[in-house]
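Participant: My structure is below; once you've seen it, I'll send some questions.
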Number of protein chains: 2
Amino acid sequence: MPLFDGADRAALHAILESASIRRVGPGTVLFTEEDRASIFCLVVEGFVRLLRTTADGEQVVVHHVAPGELFGIAVALESETFSVTAKAACDCVVLCWPREAWPALTRAHPGLARATRRTIGLRTRELQDKIVDMATLPVEQRIANALLRLARQAGRETGSGAEIDFPLTRQDISELTGANMHSVSRYMSSWQKTGIVSSARRRVVIVRPDALREVAQGRAA
Amino acid sequence: MPLFDGADRAALHAILESASIRRVGPGTVLFTEEDRASIFCLVVEGFVRLLRTTADGEQVVVHHVAPGELFGIAVALESETFSVTAKAACDCVVLCWPREAWPALTRAHPGLARATRRTIGLRTRELQDKIVDMATLPVEQRIANALLRLARQAGRETGSGAEIDFPLTRQDISELTGANMHSVSRYMSSWQKTGIVSSARRRVVIVRPDALREVAQGRAA
DNA sequence: TGCAGAATTTGATCTCGCTCAAGGTCTGGC
DNA sequence: GCCAGACCTTGAGCGAGATCAAATTCTGCA
């Protein structure tokens, strides 16, 4: 656990004691964007989707939190409320600390503060990447980019390519890219045919990342 | 200056001494996204555009920095490089500190660290807002939202509405919304006709914010 | 084993917004 | 005062991708 640098057995034990552990199934909402940010969390196992819900019920996925990553860190940004909803993408194990634990914890473990800052920096870049994609790329390339990003963050190497390590429907991909579900299905089908990806219901495997990268750059079919 | 809380005259003088001051004209690039983040900056006067440049030379505007705001704060995010290009939107006065000054400065002025965290939090929200807009709204509503956001961040009240306080071309708005420049022009013209905005070359005034808000919600023409 | 609901696919049609094209207007510098 | 270049507008046409519609396949559960 690189977050809690230099913590011995006893100290680690105390840290875990002060957290509550939650084991949740797919779709479970851990907190919503209007909630007061009374906790901050760490993914131990599984993936947590961070998303925004619009007035008319549409969902826009903003980030996938991988194991070992913090989330719900409004407290680190001097914010009273979360800015997103957190929803389990699969079976997850999550640690939650009360907001009040933050000052003492970061004081005791400078590595935690540093890791948090780095995480925020990386996520900011990711958000900017997404904006650039949406502003400049056609749907096909956006979807390709989104899959590549997911493969990087949540790819499990299998014999036949990188499998996204949690259930992912066409609808999910559409919420991730801002494209229509039907369009997602069409492009996925075409890539299936050319052997670039292989996807059965809720499972997505990037068979030929190189070819998908070509698609993402608009250089190939 | 709320950033440097509790600094007396002498301390403030020392802080300013350690900064270099830059007076630049519109279009001046202060740093680019590939640069090593060897400085961090503060806008004293004017507005600085933060943007990304794509492989084929397109620009996507990510944020406008207002007077009193920090920018180029890669150092606060444990990053060696900037993630955006900074370009003056008008005549600007900017203070720049060497990256190495950050630890001592934040140690001496906890208010600075706090303000930085708050700024990062607000910008994260703004990035998320933008993504939601681009994923769910048609061009007309995106443009309306962008103008309202600008009015809030850089609006100067005049007798006949809120004027965006720096030169803003149709092209700029297009880079801000991901819409085509011609589309921007068409919508601006139509709003001009209905008296919602008033814009002459490079100047934009929101005459009826309420009406523009209606447009942004898709509730009106 | 069969069924209900979820997930996916595919076709047909339509429309928003982009591209292409051209003309108009403003402004600062000479 | 004039000209070049920047900025803005408007029209026509097209196409990517959304919407509408329907059929198909999968899977977990009764």
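Lettering and numbering for the structure tokens are positional, with chains as A, B, ... in the shown order, residues counted from 1 in each chain, and ligands counted from 1 in the shown order.
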Please return, as JSON, numbers by chain, all residues of chain A lying within 10 Å of chain B when only C-alpha atoms are considered.
Facilitator: {"A": [51, 52, 53, 54, 55, 58, 59, 60, 61, 62, 73, 74, 75, 76, 77, 78, 79, 82, 83, 84, 114, 115, 116, 117, 118, 119, 120, 121, 122, 123, 124, 125, 126, 127, 128, 129, 130, 131, 132, 133, 134, 135, 136, 137, 174, 175, 176, 177, 178, 179, 180, 217]}
Participant: Give me, as a PyMOL selection string, the residues of chain B touching chain C, with the criterion being at most 12 Å (counting only C-alpha atoms (C1' of nucleotides)).
Facilitator: chain B and resi 137-140+178-184+186-187+200-202
Participant: Got a sec to pull out which chain D residues are within 8 Å of chain A, counting only C-alpha atoms (C1' of nucleotides), and send them as number ranges by chain?
Facilitator: D: 17-18, 26
Participant: Got a sec: who's within 12 Å of Leu105 in chain A, counting only C-alpha atoms (C1' of nucleotides), leaving out chain neighbours fewer than 2 positions off, as a PyMOL selection string?
Facilitator: chain A and resi 3-5+7+11-12+14-16+18-19+40+76+97-103+107-113
Participant: Got a sec to tell me which of range 15-142 of chain A DSSP assigns to alpha helix (DSSP H), as a ChimeraX atom specification?
Facilitator: /A:15-17,101-108,110-136,139-142
Participant: Please give the complete set of residues from range 48-220 of chain A that DSSP, run on the backbone, assigns to strand (DSSP E or B), formatted as an MDAnalysis selection string.
Facilitator: chainID A and resid 48:53 59:65 70:71 81 85:88 92:98 155:158 161:164 197:200 203:206
Participant: If you measure from CA of Arg213 in chain B to CA of Asp56 in chain A, what distance in Å do you get, rounded to one decimal?
Facilitator: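 Separation of CA of Arg213 in chain B and CA of Asp56 in chain A: 16.7 Å.
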Participant: Which residues are near Pro67 in chain A? Cut-off 9 Å, only C-alpha atoms (C1' of nucleotides), ignore same chain within fewer than 4 positions. Put them as a PDB file with N, CA and C atoms, in the first residue's frame.
Facilitator:
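Output file result-v7.pdb is given in full below:
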ATOM      1  N   LEU A  42     -11.682   4.689  -0.815  1.00  0.00           N
ATOM      2  CA  LEU A  42     -10.601   4.014  -1.533  1.00  0.00           C
ATOM      3  C   LEU A  42     -11.145   2.710  -2.098  1.00  0.00           C
ATOM      4  N   VAL A  43     -10.886   2.463  -3.362  1.00  0.00           N
ATOM      5  CA  VAL A  43     -11.293   1.188  -3.957  1.00  0.00           C
ATOM      6  C   VAL A  43     -10.246   0.139  -3.616  1.00  0.00           C
ATOM      7  N   VAL A  44     -10.679  -0.936  -2.996  1.00  0.00           N
ATOM      8  CA  VAL A  44      -9.784  -2.040  -2.685  1.00  0.00           C
ATOM      9  C   VAL A  44      -9.870  -3.086  -3.792  1.00  0.00           C
ATOM     10  N   GLU A  45     -11.099  -3.308  -4.232  1.00  0.00           N
ATOM     11  CA  GLU A  45     -11.308  -4.316  -5.267  1.00  0.00           C
ATOM     12  C   GLU A  45     -12.467  -3.869  -6.132  1.00  0.00           C
ATOM     13  N   GLY A  46     -12.394  -4.160  -7.426  1.00  0.00           N
ATOM     14  CA  GLY A  46     -13.472  -3.789  -8.342  1.00  0.00           C
ATOM     15  C   GLY A  46     -13.254  -2.415  -8.951  1.00  0.00           C
ATOM     16  N   PHE A  47     -14.278  -1.938  -9.641  1.00  0.00           N
ATOM     17  CA  PHE A  47     -14.196  -0.622 -10.288  1.00  0.00           C
ATOM     18  C   PHE A  47     -15.425   0.203  -9.965  1.00  0.00           C
ATOM     19  N   VAL A  48     -15.192   1.475  -9.695  1.00  0.00           N
ATOM     20  CA  VAL A  48     -16.290   2.386  -9.363  1.00  0.00           C
ATOM     21  C   VAL A  48     -16.408   3.432 -10.474  1.00  0.00           C
ATOM     22  N   VAL A  93     -15.090  -3.856  -3.321  1.00  0.00           N
ATOM     23  CA  VAL A  93     -14.768  -3.659  -1.914  1.00  0.00           C
ATOM     24  C   VAL A  93     -14.193  -2.252  -1.782  1.00  0.00           C
ATOM     25  N   VAL A  94     -14.798  -1.478  -0.902  1.00  0.00           N
ATOM     26  CA  VAL A  94     -14.450  -0.066  -0.788  1.00  0.00           C
ATOM     27  C   VAL A  94     -14.239   0.293   0.675  1.00  0.00           C
TER      28      VAL A  94
END
